[in-house]
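The block underneath contains the structure these notes are about, expressed in structure tokens.
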Amino acid sequence: MFLGMAIDATGCHPDSRWHSPGDPLDPERQRRLAQQAERGGLDFVTLDDSMAIPEGPCAALGRPDAVTVLAGIAPLTTTIGLLATVTTTYCEPVHVSRALATLDHISQGRAGWRRRVVTAAAEAAHFGPESAAGADELHAEQAEFTDVVTKLWDSWEDGAEIRDVATGRFLDRSKLRHIEHAGPHFRIKGPANVPRPPQGHPVLAVDFDPRGHRAPAPEADMVFVEVPDARKARARVGARTRVIGELEVLFSGDHGVSDWDGRTGDAASRRSRFAGTPVELAQLLGDMWDSGDVDGFHLRPAFLPTTLSRFAAEVVPVLRRRSWLRPHRGTTLRARLGLPAKAPNVFSA
């Protein structure tokens, strides 16, 4: 199974203020979390992002830009995937394409993109007095946004970089493409000003819609789904798309907490929750993976760094002993997920 964990500044437990999350801009803190996850055998870490100020006692910490933070982590890690949430609302495709391509180069092929739309009024208010567009329009914009980002990544053909000092040839301009995109939301000429990412396309993760209003994006490499909806997601995505179950995790006894209301899930938010011992969590993950409904899990820790530490020390060894963890197959995120080593160029297909 594939394993990932959120390393956001705050834990997901309502009492996570009991454990100071530290300064989210402290590079040492972020480095320790990512390196601990890497040593613990996890395949990727995620960093959420939003234009809104966090709620509750951690509001003063703010919310640093996810791609920027992960770009700082990249040189300090070697194998773990770095998955950033980036919105397709109130952003421009050229900016997002450039930032994620840069992250993929800095990390040598370990970047991922969890895309999202902005529907909350608290976020929309940062960009003007007008209301955010309706959900259907925002998702239509997101589809075109993703198409433009992909074209920009592919606007440099493989082999465009020559870098021959002896002949003074560094770039084959015949292998740069003007994408000439003209759609209802964007008009972009291109090409990009960053070479094609090492993975071709950084790994694309999307969220599953359990109500069935929107089909899973066919270009998605990963679909994040709350575990009760995993079987439904498996039936609706292609074989190449990795189904990743999401689970909030609280270990018994952490910071004096003995239980968690909504242990089996929060019906209002549809978030899935686990509260129990590390051995119980290992068994739960193994049973769900054996069912064939999921390819892996994305865990949202109740407390950082405690939940991560206990998971690496007490859950991962059980998963290994019971042969639920696969041997790692390379250093890029695509390789770790068993995806094609390099995404094909859309202009060469």
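In the structure tokens, chains take the letters A, B, ... in the order shown, each chain's residues start at 1, and ligands count up from 1 in the order shown.
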| Shell of 12 Å around A:Thr331, only C-alpha atoms, local chain residues under 4 positions omitted, as JSON, numbers by chain | {"A": [38, 43, 44, 77, 78, 79, 80, 81, 82, 107, 108, 109, 110, 111, 198, 199, 327, 335, 336, 337, 338, 341]}
| field | Nearest to A:Ala313, chosen from A:Arg116, A:Arg236, A:Arg163, A:Arg39, with only C-alpha atoms counted in the distances | value |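 Closest candidate: A:Arg39.
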| Close residues, A:Thr102 itself excluded, 9 Å, only C-alpha atoms, min 4 positions apart in chain, as a list in words |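 What passes the distance filter is Ala71, Ser97, Arg98, Ile106, Ser107, Val194, Pro195 and Pro197 of chain A.
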Write the residues you've just listed into a file as a tab-separated table (two decimals), in the first residue's frame, and include N, CA, C and O atoms for each of them.
chain	number	residue	atom	x	y	z
A	71	ALA	N	9.16	23.63	-1.54
A	71	ALA	CA	10.40	23.89	-2.28
A	71	ALA	C	11.58	24.02	-1.33
A	71	ALA	O	12.72	23.65	-1.67
A	97	SER	N	1.71	26.53	-13.24
A	97	SER	CA	2.57	25.66	-14.04
A	97	SER	C	4.03	25.89	-13.70
A	97	SER	O	4.81	24.95	-13.51
A	98	ARG	N	4.41	27.15	-13.63
A	98	ARG	CA	5.81	27.51	-13.35
A	98	ARG	C	6.23	27.06	-11.96
A	98	ARG	O	7.31	26.50	-11.77
A	106	ILE	N	13.47	21.05	-8.51
A	106	ILE	CA	14.22	21.14	-7.26
A	106	ILE	C	14.24	19.80	-6.53
A	106	ILE	O	15.26	19.39	-5.96
A	107	SER	N	13.12	19.08	-6.57
A	107	SER	CA	13.00	17.81	-5.86
A	107	SER	C	13.46	16.62	-6.70
A	107	SER	O	13.40	15.47	-6.24
A	194	VAL	N	10.02	27.62	-18.05
A	194	VAL	CA	10.71	26.61	-17.25
A	194	VAL	C	10.73	25.31	-18.05
A	194	VAL	O	9.71	24.92	-18.62
A	195	PRO	N	11.87	24.63	-18.15
A	195	PRO	CA	11.91	23.37	-18.90
A	195	PRO	C	10.89	22.36	-18.39
A	195	PRO	O	10.42	22.44	-17.26
A	197	PRO	N	9.04	19.44	-16.66
A	197	PRO	CA	9.38	18.82	-15.38
A	197	PRO	C	9.99	17.43	-15.56
A	197	PRO	O	9.71	16.74	-16.56
| Running DSSP on the backbone, which parts of stretch 153-289 of chain A land in alpha helix (DSSP H), as a ChimeraX atom specification? | /A:153,230-236,278-289
| Could you name the residues that touch stretch 240-256 of chain A at 6 Å or less, counting only C-alpha atoms, but leaving out those on the same chain fewer than 6 positions away, as a list of chain:residue names? |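 Here the qualifying residues turn out to be A:Asp221, A:Met222, A:Val223, A:Phe224, A:Val225, A:Glu226, A:Val227, A:Ser272, A:Arg273, A:Phe274, A:Ala275, A:Gly276, A:Thr277, A:Val294, A:Asp295, A:Gly296, A:Phe297, A:His298, A:Leu299, A:Arg300, A:Pro301, A:Ala302.
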Let me see the file: selected residues, N, CA and C atoms, as a short mmCIF file (atom, residue, chain, number, x, y, z; two decimals), in the first residue's frame.
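Result went into selection_6.cif, see below:
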data_model
loop_
_atom_site.label_atom_id
_atom_site.label_comp_id
_atom_site.auth_asym_id
_atom_site.auth_seq_id
_atom_site.Cartn_x
_atom_site.Cartn_y
_atom_site.Cartn_z
N ASP A 221 -3.98 11.24 -11.50
CA ASP A 221 -3.13 10.11 -11.11
C ASP A 221 -3.56 9.53 -9.76
N MET A 222 -4.12 10.37 -8.90
CA MET A 222 -4.58 9.95 -7.58
C MET A 222 -5.95 10.56 -7.32
N VAL A 223 -6.81 9.78 -6.67
CA VAL A 223 -8.10 10.28 -6.22
C VAL A 223 -8.15 10.12 -4.71
N PHE A 224 -8.31 11.24 -4.00
CA PHE A 224 -8.42 11.20 -2.54
C PHE A 224 -9.90 11.04 -2.18
N VAL A 225 -10.19 10.07 -1.30
CA VAL A 225 -11.57 9.74 -0.98
C VAL A 225 -11.69 9.39 0.50
N GLU A 226 -12.79 9.81 1.13
CA GLU A 226 -13.05 9.37 2.49
C GLU A 226 -13.30 7.86 2.45
N VAL A 227 -12.76 7.13 3.43
CA VAL A 227 -12.73 5.67 3.32
C VAL A 227 -14.10 5.03 3.13
N SER A 272 -13.55 10.84 7.70
CA SER A 272 -13.39 9.55 8.37
C SER A 272 -12.36 9.68 9.47
N ARG A 273 -12.65 9.06 10.62
CA ARG A 273 -11.77 9.19 11.78
C ARG A 273 -11.45 7.84 12.39
N PHE A 274 -10.25 7.74 12.93
CA PHE A 274 -9.84 6.57 13.69
C PHE A 274 -9.30 7.02 15.03
N ALA A 275 -9.71 6.33 16.08
CA ALA A 275 -9.13 6.54 17.40
C ALA A 275 -8.88 5.16 18.00
N GLY A 276 -7.65 4.89 18.37
CA GLY A 276 -7.31 3.59 18.93
C GLY A 276 -5.82 3.41 19.02
N THR A 277 -5.38 2.17 19.07
CA THR A 277 -3.96 1.86 19.22
C THR A 277 -3.29 1.75 17.86
N VAL A 294 -8.89 0.28 -2.03
CA VAL A 294 -7.93 1.38 -1.97
C VAL A 294 -6.53 0.88 -2.35
N ASP A 295 -5.73 1.82 -2.85
CA ASP A 295 -4.32 1.53 -3.13
C ASP A 295 -3.41 2.06 -2.05
N GLY A 296 -3.95 2.92 -1.19
CA GLY A 296 -3.14 3.49 -0.13
C GLY A 296 -3.96 4.44 0.70
N PHE A 297 -3.26 5.18 1.57
CA PHE A 297 -3.95 6.03 2.54
C PHE A 297 -3.22 7.37 2.71
N HIS A 298 -4.03 8.39 2.95
CA HIS A 298 -3.52 9.71 3.32
C HIS A 298 -4.04 9.98 4.72
N LEU A 299 -3.13 10.11 5.67
CA LEU A 299 -3.49 10.25 7.07
C LEU A 299 -3.39 11.70 7.52
N ARG A 300 -4.41 12.16 8.23
CA ARG A 300 -4.40 13.50 8.80
C ARG A 300 -4.18 13.36 10.30
N PRO A 301 -3.01 13.70 10.79
CA PRO A 301 -2.67 13.45 12.19
C PRO A 301 -3.39 14.40 13.14
N ALA A 302 -3.79 13.85 14.29
CA ALA A 302 -4.44 14.69 15.30
C ALA A 302 -3.45 15.66 15.91
#
| query | Looking only at the backbone, which of the residues in stretch 90-187 of chain A does DSSP tag as strand (DSSP E or B), as a list in words? | reply |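 Those residues are Ala111, Gly112, Trp113, Arg114, Arg115, Arg116, Trp156, Glu161, Ile162, Arg163, Asp164, Arg169, Phe170, Leu171, Leu176, His181, Ala182 and Arg187 of chain A.
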| query | So what do you get for atom CA of A:Pro64 versus atom CA of A:Pro191, distance-wise? | reply | 29.0 Å
| field | Near-A:Leu285 list (9 Å; only C-alpha atoms; drop same-chain fewer than 4 positions) as a count of residues only | value | 9
| task | Measuring atom to atom with only C-alpha atoms, identify which of A:Asp164, A:Gly41, A:Asp104, A:Ala217 is nearest to A:Ala312. | result |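 Of A:Asp164, A:Gly41, A:Asp104, A:Ala217, the one nearest A:Ala312 is A:Gly41, counting only C-alpha atoms.
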| query | Which of these, A:Phe145, A:Tyr90, A:Trp153, A:Phe208, has the shortest distance to A:Ala124 once you count only C-alpha atoms? | reply | A:Tyr90
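Here atom CA of A:Glu144 stands at a distance of 8.4 Å from atom CA of A:Pro184.
When atom CA of A:Gly330 is paired with atom CA of A:Gln35, their separation reads 17.3 Å.
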